[in-house]
Amino acid sequence: MVEVLSAFVDKISIPQGGDKIYKDECTYSFENPESENGLYVCMKTFLGFGKAHVLRHYNQTGNPVYLHLKTIKKKVNKAPETEEEKAKPTRLAIGVEGGFTGDDSNQYEYEENNSIVLLPDFLTFSLPDASLPEKVQLAVAGILSAESASRMEQVAAWDGEKRFISKHAENFKQLDNGVKIPPTGWKCAKCDLTQNLWVNLTDGTILCGRRYFDGSGGNNHAVEYFKEKGYPLAVKLGTITPNGADVFSYDEDDMVEDPKLAEHLSHFGINMMSMEKTDKTMTELEIDANMKISEWDVIQEAGKKLTPMFGSGYTGMRNLGNSCYMNSVMQVIFMIPDFIDRYPKNMETIFSECSNDPASDFTVQMAKLGHGLLSGDYSKETLPEEGEDETKEKSQVGIAPRMFKSLIGRGHPEFSTNRQQDAQEFLLHFMNIVERNTRGSSNPCDCFKVQLEDRIECLQSQQVRYTTRSDYMLSVPIPIEAATNIDEFAAYEKKKKELEANKESIDPKEVVRLQIPFTACLEKLTQPEIIDDFYSSALKARSTAKKITKLATFPDYLMLHLRKFTLGDDWVPKKLDVSVDMPDDLDLTSIRGKGLQPGEVELPEGDAPAEPEVVIDEAMVMQLVSMGFDYEGCKKAVYHTKNQGTEAAMNWVLEHMAEPDFTTPLELAKKKDESGANPSDENIVMIQSMGFTQQQAVKALKATSNNVERAADWIFSHLDELNSEPMETSEAGASSSGDPQVRDGSAKYKLVAFISHMGTSTSCGHYVCHIKKDGRWVLYNDNKVALSENLPRDLGYLYMYQRL
C-alpha cells in the first residue's frame with residue numbers, strides 16, 4: 001500500500017510560508033470538513049474540493065494525492081445561560097445571525113479523522129502513519145498546521161477594534177499635582193454625573209463624556225476640558241482591568257492604545273492590576289445605541305414568531321464579520337434571471353473551462369455562490385441535537401461565502417476590510433467587477449442599465465441640447481420639506497427633548513417619523529436645475545441655463561436608491577430617519593424623456609474656450625482627506641470645483657463618492673491637438689468585440705495612443721463622459737440610445753425586493769433584505785430566512801422594481 005503512494009511523491013508539495021491553503025471550504029461548492037463527505041485538499045495545489053468536485057480537479061490537473069479532512073462536531077453539555085446572557089451580543093454585526101454573535105467555543109468539541117486519499121480509485125491511507133514517506137508526512141503536517149486561506153484573509157481584513165498606539169504615549173508628560181484617585185466613588189468635576197466618566201491622564205481631572213445622539217451619555221465636559229487645556233489623553237473609568245482600558249485621544253480624535261497605561265495610571269494612585277470592569281466599553285455602548293434605534297425592531301420584524309423557510313431559493317448567508325451588506329445585495333442579485341442564467345445555470349461549463357486558480361476566478365465564484373443560494377442543498381432544516389429543546393426555533397446551516405467575499409473585495413480599500421460598508425456603494429462596485437469580467441460576452445448587469453436624458457435650455461437664446469448618460473441605478477432625493485406630518489413630528493421632537501433633559505428615553509412604540517410621499521421624491525428628482533455659469537454655443541458666451549433630467553429608457557429592473565445618508569450642519573454624516581411611502585406598483589410614464597420636440601431649436605455644436613489650467617490646492621485636498629475620504633477622490637473634488645472652497649469640494653465628494661472610479665488617480669483630458677492619430681480599423685474592431693460602441697472605441701483609442709489594452713480600461717473609467725454624448729433622434733422625435741446594451745420597454749413596474757439599513761450611519765448597524773417570492777414576502781436576515789408578517793416597506797434604502 002505505502003509503495004503505491006511512494007510512486008506519486010513527485011505530485012506532492014510541502015507548504016511554504018505565504019502559500020494559501022484552502023482547507024475550510026470547497027473551491028466549487030460550500031462543502032467543508034464538517035460536511036458529510038468531508039473535504040479533499042490537493043497536496044500539490046492546496047485547493048480544497050468536496051467529493052462531487054475532486055475528480056474534476058484530478059482530471060484537469062492529473063494531481064492524484066489528496067489530504068482528506070473530516071471533522072465531527074459534538075455538542076458539549078454546559079450550564080444553561082441566563083436569559084440576559086442569551087440576549088446580549090458581544091460584537092456588532094460580526095457573526096452569524098442578525099449581525100451579532102456570542103462565544104460558542106465551549107459548546108462543542110471536535111473530533112478529527114484525517115487520511116490520505118489516492119485518486120481516481122479513492123485508495124485511503126489512515127493518519128497518522130509513521131510508515132508514510134517523509135515528504136508526505138511533512139506535507140500533511142504543513143497543511144494541518146498552516147493558517148487556512150480564509151483565516152489569513154480574515155486576519156488581514158479585520159480591524160473591528162484594532163487601535164493604533166497614540167503619538168503621545170511614548171513621551172507623555174503628566175503634572176505632579178499630588179492628585180490621587182480613589183478606586184470608587186467617582187463624580188464629574190463639573191456636574192453631578194457618576195457614569196460615563198473619563199480621567200484626564202495629564203492632571204487627573206475626572207469629567208463626564210460626550211452626549212450621545214439620543215440624549216443619553218454625558219454633558220461633554222471632558223471634550224470641553226480638552227479644548228480649554230489641550231490635554232489630549234483620557235481613560236474611561238470603569239473599563240480599567242489588568243488587560244487594559246478604553247483610552248481616547250482628543251487630539252487624534254480616536255480610540256487609541258497606550259503601551260504605558262499602567263505607568264500613567266499609577267501616577268494618580270490607580271493600580272491597574274487590581275481594577276475590575278464596572279462600566280460599558282465604547283464597543284458595548286455602540287451596540288446598545290444601535291439596538292435602541294426604533295427602526296431596528298421594525299425592520300427585523302422583532303417580536304413576531306416568523307415562519308422559517310427552507311429549500312431552493314431560501315438559503316441564508318452567514319455573517320462573516322460585517323458582511324450583512326454583501327449578503328443582502330447578493331440575495332437580491334440572485335433572484336434576477338439574467339444572473340441565474342449567466343452563472344448557476346451555466347455552472348458545469350464554467351467549472352470545466354476555469355483557470356488553474358478557480359478560487360480567484362470571479363465567474364467560478366459567482367456560479368458557486370448562485371448555486372449555493374438556489375440549489376437548496378444548504379437550506380435544509382437542522383434537526384435538534386440530542387438533549388436539545390425540540391420547540392427551539394428551526395434553523396438552517398446556510399452558506400459562508402468566504403472565497404467570494406475575499407475575491408470581490410481584493411484590492412479595494414474598503415471592501416477588503418471587515419468594516420461595515422454602504423450597500424449602495426457595494427452594489428455599484430459589484431456591477432463594475434461584473435462588467436470587467438464579461439467583456440466581449442453578455443453582461444447580466446444590462447438588466448439594470450438605464451439611460452438618463454438631460455435637457456439643457458439656454459434661457460437667453462431658448463435653444464436646447466439633449467444628452468444621455470447611462471447608469472445602473474436611479475438615485476432619488478428625499479425632500480424633508482414635503483413631509484405630510486410636520487406638526488405631529490414637531491410635537492414628538494419636543495416631547496423627546498423634554499425626556500432627554502430628564503435622562504429618560506422615549507418609548508420606541510411612540511416614535512414618529514417624517515412621512516414623505518414618494519411622488520414628492522420623484523418631483524424633486526425631475527425639477528429644473530439652474531446652471532449659472534453655462535457656456536451657450538448660440539451666444540458664444542456664458543449665460544444661465546435650465547437642466548431637467550428624465551428617463552430616456554426603462555430597464556427590465558429599476559434599482560432606486562433613496563438618499564438617506566446626508567451631511568449635517570456640523571459636517572458629520574448622518575442618516576435621515578424618515579418613512580417614505582413606497583408604492584407596490586409604480587408608473588413612471590410621466591418622467592419619460594422624448595428627445596428633441598417639434599419647434600425646439602438645438603444649440604449649435606461648439607465648446608467653451610479653453611480655461612486656464614487649475615492648480616490643485618493641496619491644503620484643501622488634505623483637509624478633505626482628514627475627514628476620512630480617499631486622497632484621489634478629494635483631489636478630483638478640488639480640481640473639478642476649481643479651488644472654490646472646502647464646502648463646494650465636499651459637496652462634489654458626496655455626489656460622486658459612490659462612483660466606481662472615485663478612488664482612481666485623476667486623469668486630465670488632453671487638448672485636441674494632443675490627441676492620438678486616427679486609430680486603425682483593426683483596433684476599433686477589437687475594442688468593439690469587447691462590447692463597446694464604435695464611437696467609444698475611437699475616443700478611447702485616441703486618448704491612449706492606439707493602445708488596445710489601455711483603451712478598454714480607459715472606457716471603464718470614463719463611462720459618464722462617453723455616455724454624455726448628443727442624442728440621436730428618430731423621425732418621430734423619440735429618443736434612441738443607439739446602445740444595444742440598453743433595454744427599453746414599459747414605464748410600469750412592480751416592487752419585488754428592497755434592502756433596509758438599521759443604524760445611524762453606513763459605518764455601523766445592520767442590513768437585511770425582503771424579497772417577494774411566489775407571491776409572498778420573505779425576510780433574509782443573514783442566516784435566517786423567514787416569511788415576512790409585517791412588511792417595513794417604508795423604511796428601505798434600496799428598492800428594486802421589475803418592469804411589467
# chains A, B, ... in the order shown; residues from 1 in each chain; ligands from 1
>>> residues_around(residues="Thr663 in chain A", least_positions_apart="6", cutoff="8 Å", atoms="only C-alpha atoms", output="list in words")
Asp630, Tyr631, Glu632 and Gly633 of chain A
>>> residues_around(residues="Lys784 in chain A", least_positions_apart="5", cutoff="10 Å", atoms="only C-alpha atoms", output="PyMOL selection string")
chain A and resi 96-98+308-310+314-318+394-398+768+779
>>> write_last_selection(atoms="N, CA and C atoms", output="PDB file, in the first residue's frame")
ATOM      1  N   VAL A  96     -23.119  35.370  12.989  1.00  0.00           N
ATOM      2  CA  VAL A  96     -23.876  34.542  12.069  1.00  0.00           C
ATOM      3  C   VAL A  96     -25.327  34.934  11.941  1.00  0.00           C
ATOM      4  N   GLU A  97     -25.977  35.325  12.989  1.00  0.00           N
ATOM      5  CA  GLU A  97     -27.393  35.563  12.884  1.00  0.00           C
ATOM      6  C   GLU A  97     -27.737  36.965  13.346  1.00  0.00           C
ATOM      7  N   GLY A  98     -28.391  37.709  12.471  1.00  0.00           N
ATOM      8  CA  GLY A  98     -28.819  39.046  12.833  1.00  0.00           C
ATOM      9  C   GLY A  98     -27.687  40.012  13.029  1.00  0.00           C
ATOM     10  N   PRO A 308     -39.943  30.045   9.572  1.00  0.00           N
ATOM     11  CA  PRO A 308     -38.698  29.868   8.812  1.00  0.00           C
ATOM     12  C   PRO A 308     -38.953  29.162   7.490  1.00  0.00           C
ATOM     13  N   MET A 309     -38.132  29.505   6.478  1.00  0.00           N
ATOM     14  CA  MET A 309     -38.273  28.939   5.141  1.00  0.00           C
ATOM     15  C   MET A 309     -37.040  28.098   4.807  1.00  0.00           C
ATOM     16  N   PHE A 310     -37.270  27.001   4.088  1.00  0.00           N
ATOM     17  CA  PHE A 310     -36.187  26.110   3.690  1.00  0.00           C
ATOM     18  C   PHE A 310     -36.374  25.715   2.231  1.00  0.00           C
ATOM     19  N   TYR A 314     -34.173  29.717  -0.708  1.00  0.00           N
ATOM     20  CA  TYR A 314     -34.378  30.200   0.663  1.00  0.00           C
ATOM     21  C   TYR A 314     -33.157  29.888   1.535  1.00  0.00           C
ATOM     22  N   THR A 315     -31.976  30.022   0.958  1.00  0.00           N
ATOM     23  CA  THR A 315     -30.734  29.727   1.672  1.00  0.00           C
ATOM     24  C   THR A 315     -30.180  30.989   2.318  1.00  0.00           C
ATOM     25  N   GLY A 316     -29.858  30.910   3.594  1.00  0.00           N
ATOM     26  CA  GLY A 316     -29.279  32.046   4.296  1.00  0.00           C
ATOM     27  C   GLY A 316     -27.784  32.137   4.074  1.00  0.00           C
ATOM     28  N   MET A 317     -27.215  33.315   4.386  1.00  0.00           N
ATOM     29  CA  MET A 317     -25.767  33.540   4.262  1.00  0.00           C
ATOM     30  C   MET A 317     -25.226  33.957   5.621  1.00  0.00           C
ATOM     31  N   ARG A 318     -24.220  33.265   6.076  1.00  0.00           N
ATOM     32  CA  ARG A 318     -23.647  33.580   7.389  1.00  0.00           C
ATOM     33  C   ARG A 318     -22.931  34.927   7.344  1.00  0.00           C
ATOM     34  N   LYS A 394     -36.543  26.750  14.547  1.00  0.00           N
ATOM     35  CA  LYS A 394     -35.934  25.980  13.473  1.00  0.00           C
ATOM     36  C   LYS A 394     -34.863  26.821  12.783  1.00  0.00           C
ATOM     37  N   SER A 395     -33.808  26.161  12.317  1.00  0.00           N
ATOM     38  CA  SER A 395     -32.709  26.895  11.677  1.00  0.00           C
ATOM     39  C   SER A 395     -32.149  26.083  10.534  1.00  0.00           C
ATOM     40  N   GLN A 396     -31.231  26.683   9.770  1.00  0.00           N
ATOM     41  CA  GLN A 396     -30.555  26.023   8.667  1.00  0.00           C
ATOM     42  C   GLN A 396     -29.066  26.318   8.750  1.00  0.00           C
ATOM     43  N   VAL A 397     -28.278  25.493   8.064  1.00  0.00           N
ATOM     44  CA  VAL A 397     -26.828  25.702   8.075  1.00  0.00           C
ATOM     45  C   VAL A 397     -26.470  26.941   7.274  1.00  0.00           C
ATOM     46  N   GLY A 398     -27.076  27.086   6.094  1.00  0.00           N
ATOM     47  CA  GLY A 398     -26.742  28.221   5.237  1.00  0.00           C
ATOM     48  C   GLY A 398     -25.351  28.078   4.645  1.00  0.00           C
ATOM     49  N   VAL A 768     -30.620  44.072   6.157  1.00  0.00           N
ATOM     50  CA  VAL A 768     -31.412  42.898   5.815  1.00  0.00           C
ATOM     51  C   VAL A 768     -32.102  43.194   4.483  1.00  0.00           C
ATOM     52  N   LEU A 779     -38.198  37.521   4.416  1.00  0.00           N
ATOM     53  CA  LEU A 779     -37.133  38.282   5.077  1.00  0.00           C
ATOM     54  C   LEU A 779     -35.844  37.465   5.068  1.00  0.00           C
TER      55      LEU A 779
END
>>> residues_around(residues="Leu586 in chain A", least_positions_apart="3", cutoff="12 Å", atoms="only C-alpha atoms", output="JSON, numbers by chain")
{"A": [518, 519, 522, 558, 560, 581, 582, 583, 589, 590, 591, 746, 747, 748, 749, 750, 751, 752, 799, 800, 801, 802, 803, 804]}
>>> write_last_selection(atoms="C-alpha atoms", output="mmCIF file, in the first residue's frame")
data_model
loop_
_atom_site.group_PDB
_atom_site.id
_atom_site.type_symbol
_atom_site.label_atom_id
_atom_site.label_comp_id
_atom_site.auth_asym_id
_atom_site.auth_seq_id
_atom_site.Cartn_x
_atom_site.Cartn_y
_atom_site.Cartn_z
ATOM 1 C CA PHE A 518 -42.713 59.033 -2.972
ATOM 2 C CA THR A 519 -44.368 61.280 -5.542
ATOM 3 C CA LEU A 522 -39.891 61.982 -7.973
ATOM 4 C CA LEU A 558 -35.102 49.556 -11.961
ATOM 5 C CA LEU A 560 -33.921 53.013 -6.761
ATOM 6 C CA ASP A 581 -44.419 55.817 1.121
ATOM 7 C CA MET A 582 -43.016 53.411 -1.479
ATOM 8 C CA PRO A 583 -45.709 52.008 -3.783
ATOM 9 C CA THR A 589 -44.643 57.300 -17.739
ATOM 10 C CA SER A 590 -44.749 60.957 -16.711
ATOM 11 C CA ILE A 591 -40.952 61.193 -16.482
ATOM 12 C CA SER A 746 -42.995 49.904 -20.460
ATOM 13 C CA ALA A 747 -42.612 52.505 -17.718
ATOM 14 C CA LYS A 748 -44.774 50.460 -15.348
ATOM 15 C CA TYR A 749 -43.157 48.447 -12.565
ATOM 16 C CA LYS A 750 -43.897 46.288 -9.530
ATOM 17 C CA LEU A 751 -41.845 46.135 -6.324
ATOM 18 C CA VAL A 752 -40.026 42.797 -5.958
ATOM 19 C CA TYR A 799 -35.643 49.286 -3.822
ATOM 20 C CA MET A 800 -35.784 47.004 -6.856
ATOM 21 C CA TYR A 801 -38.738 47.234 -9.226
ATOM 22 C CA GLN A 802 -39.411 44.766 -12.060
ATOM 23 C CA ARG A 803 -40.853 46.065 -15.296
ATOM 24 C CA LEU A 804 -44.343 44.795 -16.114
#
>>> residues_around(residues="range 374-383 of chain A", least_positions_apart="5", cutoff="12 Å", atoms="only C-alpha atoms", output="number ranges by chain")
A: 29-32, 35, 308-318, 330-337, 339-341, 343-345, 347, 367-369, 388-400, 783-786
>>> closest_atom_pairs(of="range 295-366 of chain A", to="range 42-61 of chain A", cutoff="12 Å", atoms="only C-alpha atoms", output="JSON lines")
{"residue": "A:Glu348", "atom": "CA", "partner": "A:Arg56", "partner_atom": "CA", "distance": 10.5}
{"residue": "A:Phe351", "atom": "CA", "partner": "A:Arg56", "partner_atom": "CA", "distance": 8.7}
{"residue": "A:Ser352", "atom": "CA", "partner": "A:Arg56", "partner_atom": "CA", "distance": 7.8}
{"residue": "A:Glu353", "atom": "CA", "partner": "A:Gln60", "partner_atom": "CA", "distance": 9.7}
{"residue": "A:Cys354", "atom": "CA", "partner": "A:Gln60", "partner_atom": "CA", "distance": 9.8}
{"residue": "A:Ser355", "atom": "CA", "partner": "A:Gln60", "partner_atom": "CA", "distance": 9.8}
{"residue": "A:Asn356", "atom": "CA", "partner": "A:Thr61", "partner_atom": "CA", "distance": 8.4}
{"residue": "A:Asp357", "atom": "CA", "partner": "A:Leu47", "partner_atom": "CA", "distance": 8.5}
{"residue": "A:Pro358", "atom": "CA", "partner": "A:Leu47", "partner_atom": "CA", "distance": 8.8}
{"residue": "A:Ala359", "atom": "CA", "partner": "A:Leu47", "partner_atom": "CA", "distance": 8.0}
{"residue": "A:Ser360", "atom": "CA", "partner": "A:Leu47", "partner_atom": "CA", "distance": 11.2}
>>> residues_around(residues="Leu562 in chain A", least_positions_apart="3", cutoff="7 Å", atoms="only C-alpha atoms", output="ChimeraX atom specification")
/A:475-478,797-798
>>> closest_residue(among="A:Asn683, A:Thr349, A:Thr205, A:Gln16", to="Phe268 in chain A", atoms="only C-alpha atoms")
A:Thr205
>>> residues_around(residues="Gln515 in chain A", least_positions_apart="5", cutoff="7 Å", atoms="only C-alpha atoms", output="PyMOL selection string")
chain A and resi 483-485+578-580
>>> closest_residue(among="A:His264, A:Val511, A:Glu147, A:Arg419", to="Val199 in chain A", atoms="only C-alpha atoms")
A:His264
>>> select_by_dssp(residues="range 253-479 of chain A", states="strand (DSSP E or B)", output="ChimeraX atom specification")
/A:254-257,308,317,381,396,399,450-458,464-471,474-476
>>> write_last_selection(atoms="N, CA, C and O atoms", output="mmCIF file, in the first residue's frame")
data_model
loop_
_atom_site.group_PDB
_atom_site.id
_atom_site.type_symbol
_atom_site.label_atom_id
_atom_site.label_comp_id
_atom_site.auth_asym_id
_atom_site.auth_seq_id
_atom_site.Cartn_x
_atom_site.Cartn_y
_atom_site.Cartn_z
ATOM 1 N N ASP A 254 -9.717 59.690 18.244
ATOM 2 C CA ASP A 254 -9.943 58.264 18.045
ATOM 3 C C ASP A 254 -9.590 57.513 19.324
ATOM 4 O O ASP A 254 -8.854 58.008 20.184
ATOM 5 N N MET A 255 -10.144 56.281 19.426
ATOM 6 C CA MET A 255 -9.720 55.386 20.482
ATOM 7 C C MET A 255 -8.303 54.932 20.148
ATOM 8 O O MET A 255 -7.990 54.629 18.990
ATOM 9 N N VAL A 256 -7.429 54.870 21.149
ATOM 10 C CA VAL A 256 -6.019 54.558 20.909
ATOM 11 C C VAL A 256 -5.506 53.551 21.932
ATOM 12 O O VAL A 256 -6.194 53.218 22.905
ATOM 13 N N GLU A 257 -4.291 53.068 21.681
ATOM 14 C CA GLU A 257 -3.578 52.223 22.629
ATOM 15 C C GLU A 257 -2.530 53.069 23.351
ATOM 16 O O GLU A 257 -1.919 53.947 22.750
ATOM 17 N N PRO A 308 -39.943 30.045 9.572
ATOM 18 C CA PRO A 308 -38.698 29.868 8.812
ATOM 19 C C PRO A 308 -38.953 29.162 7.490
ATOM 20 O O PRO A 308 -39.861 28.343 7.369
ATOM 21 N N MET A 317 -27.215 33.315 4.386
ATOM 22 C CA MET A 317 -25.767 33.540 4.262
ATOM 23 C C MET A 317 -25.226 33.957 5.621
ATOM 24 O O MET A 317 -25.725 34.904 6.233
ATOM 25 N N GLU A 381 -33.572 21.983 6.993
ATOM 26 C CA GLU A 381 -33.847 22.229 8.408
ATOM 27 C C GLU A 381 -32.888 21.432 9.287
ATOM 28 O O GLU A 381 -32.702 20.227 9.096
ATOM 29 N N GLN A 396 -31.231 26.683 9.770
ATOM 30 C CA GLN A 396 -30.555 26.023 8.667
ATOM 31 C C GLN A 396 -29.066 26.318 8.750
ATOM 32 O O GLN A 396 -28.634 27.258 9.425
ATOM 33 N N ILE A 399 -24.880 29.151 4.013
ATOM 34 C CA ILE A 399 -23.547 29.123 3.399
ATOM 35 C C ILE A 399 -22.696 30.259 3.953
ATOM 36 O O ILE A 399 -23.211 31.294 4.368
ATOM 37 N N VAL A 450 -29.942 51.962 -17.225
ATOM 38 C CA VAL A 450 -30.944 52.970 -17.573
ATOM 39 C C VAL A 450 -30.228 54.171 -18.183
ATOM 40 O O VAL A 450 -29.126 54.523 -17.757
ATOM 41 N N GLN A 451 -30.848 54.758 -19.214
ATOM 42 C CA GLN A 451 -30.289 55.975 -19.791
ATOM 43 C C GLN A 451 -31.097 57.172 -19.305
ATOM 44 O O GLN A 451 -32.333 57.200 -19.403
ATOM 45 N N LEU A 452 -30.377 58.133 -18.764
ATOM 46 C CA LEU A 452 -30.995 59.364 -18.293
ATOM 47 C C LEU A 452 -30.843 60.436 -19.369
ATOM 48 O O LEU A 452 -29.781 60.572 -19.974
ATOM 49 N N GLU A 453 -31.907 61.168 -19.593
ATOM 50 C CA GLU A 453 -31.900 62.237 -20.593
ATOM 51 C C GLU A 453 -31.802 63.589 -19.891
ATOM 52 O O GLU A 453 -32.633 63.914 -19.045
ATOM 53 N N ASP A 454 -30.763 64.345 -20.208
ATOM 54 C CA ASP A 454 -30.607 65.701 -19.678
ATOM 55 C C ASP A 454 -30.989 66.701 -20.770
ATOM 56 O O ASP A 454 -30.379 66.720 -21.843
ATOM 57 N N ARG A 455 -31.988 67.508 -20.476
ATOM 58 C CA ARG A 455 -32.399 68.575 -21.407
ATOM 59 C C ARG A 455 -31.898 69.897 -20.839
ATOM 60 O O ARG A 455 -32.310 70.317 -19.752
ATOM 61 N N ILE A 456 -30.990 70.543 -21.551
ATOM 62 C CA ILE A 456 -30.419 71.815 -21.101
ATOM 63 C C ILE A 456 -30.902 72.924 -22.029
ATOM 64 O O ILE A 456 -30.734 72.842 -23.252
ATOM 65 N N GLU A 457 -31.501 73.932 -21.432
ATOM 66 C CA GLU A 457 -32.035 75.050 -22.227
ATOM 67 C C GLU A 457 -31.320 76.339 -21.838
ATOM 68 O O GLU A 457 -31.278 76.718 -20.658
ATOM 69 N N CYS A 458 -30.730 76.994 -22.821
ATOM 70 C CA CYS A 458 -30.139 78.311 -22.603
ATOM 71 C C CYS A 458 -31.298 79.294 -22.435
ATOM 72 O O CYS A 458 -32.105 79.496 -23.359
ATOM 73 N N VAL A 464 -31.876 74.537 -27.127
ATOM 74 C CA VAL A 464 -31.741 73.396 -26.218
ATOM 75 C C VAL A 464 -30.681 72.418 -26.704
ATOM 76 O O VAL A 464 -30.297 72.408 -27.871
ATOM 77 N N ARG A 465 -30.233 71.588 -25.761
ATOM 78 C CA ARG A 465 -29.328 70.486 -26.079
ATOM 79 C C ARG A 465 -29.771 69.276 -25.272
ATOM 80 O O ARG A 465 -30.050 69.384 -24.074
ATOM 81 N N TYR A 466 -29.853 68.123 -25.932
ATOM 82 C CA TYR A 466 -30.202 66.879 -25.264
ATOM 83 C C TYR A 466 -28.974 65.968 -25.221
ATOM 84 O O TYR A 466 -28.296 65.770 -26.241
ATOM 85 N N THR A 467 -28.690 65.446 -24.054
ATOM 86 C CA THR A 467 -27.610 64.462 -23.915
ATOM 87 C C THR A 467 -28.135 63.294 -23.087
ATOM 88 O O THR A 467 -29.113 63.436 -22.339
ATOM 89 N N THR A 468 -27.496 62.149 -23.230
ATOM 90 C CA THR A 468 -27.860 60.995 -22.409
ATOM 91 C C THR A 468 -26.635 60.493 -21.672
ATOM 92 O O THR A 468 -25.498 60.683 -22.109
ATOM 93 N N ARG A 469 -26.880 59.845 -20.573
ATOM 94 C CA ARG A 469 -25.820 59.201 -19.786
ATOM 95 C C ARG A 469 -26.406 57.930 -19.179
ATOM 96 O O ARG A 469 -27.581 57.892 -18.818
ATOM 97 N N SER A 470 -25.582 56.919 -19.092
ATOM 98 C CA SER A 470 -26.043 55.624 -18.576
ATOM 99 C C SER A 470 -25.720 55.493 -17.098
ATOM 100 O O SER A 470 -24.720 56.025 -16.604
ATOM 101 N N ASP A 471 -26.568 54.754 -16.409
ATOM 102 C CA ASP A 471 -26.316 54.449 -15.007
ATOM 103 C C ASP A 471 -26.979 53.126 -14.694
ATOM 104 O O ASP A 471 -27.807 52.635 -15.470
ATOM 105 N N LEU A 474 -31.077 54.550 -10.072
ATOM 106 C CA LEU A 474 -31.613 55.906 -10.019
ATOM 107 C C LEU A 474 -31.533 56.387 -8.576
ATOM 108 O O LEU A 474 -32.145 55.802 -7.679
ATOM 109 N N SER A 475 -30.732 57.424 -8.349
ATOM 110 C CA SER A 475 -30.560 57.963 -7.004
ATOM 111 C C SER A 475 -31.601 59.055 -6.775
ATOM 112 O O SER A 475 -31.628 60.068 -7.472
ATOM 113 N N VAL A 476 -32.463 58.828 -5.789
ATOM 114 C CA VAL A 476 -33.639 59.680 -5.593
ATOM 115 C C VAL A 476 -33.482 60.524 -4.323
ATOM 116 O O VAL A 476 -33.235 59.978 -3.242
#
>>> residues_around(residues="Ser145 in chain A", least_positions_apart="2", cutoff="12 Å", atoms="only C-alpha atoms", output="MDAnalysis selection string")
chainID A and resid 14:17 21 23 138:143 147:148
>>> atom_distance(atom1="CA of Asn113 in chain A", atom2="CA of Leu320 in chain A")
26.3 Å
>>> select_by_dssp(residues="range 503-551 of chain A", states="alpha helix (DSSP H)", output="ChimeraX atom specification")
/A:518-526
>>> atom_distance(atom1="CA of Phe164 in chain A", atom2="CA of Asp258 in chain A")
8.7 Å
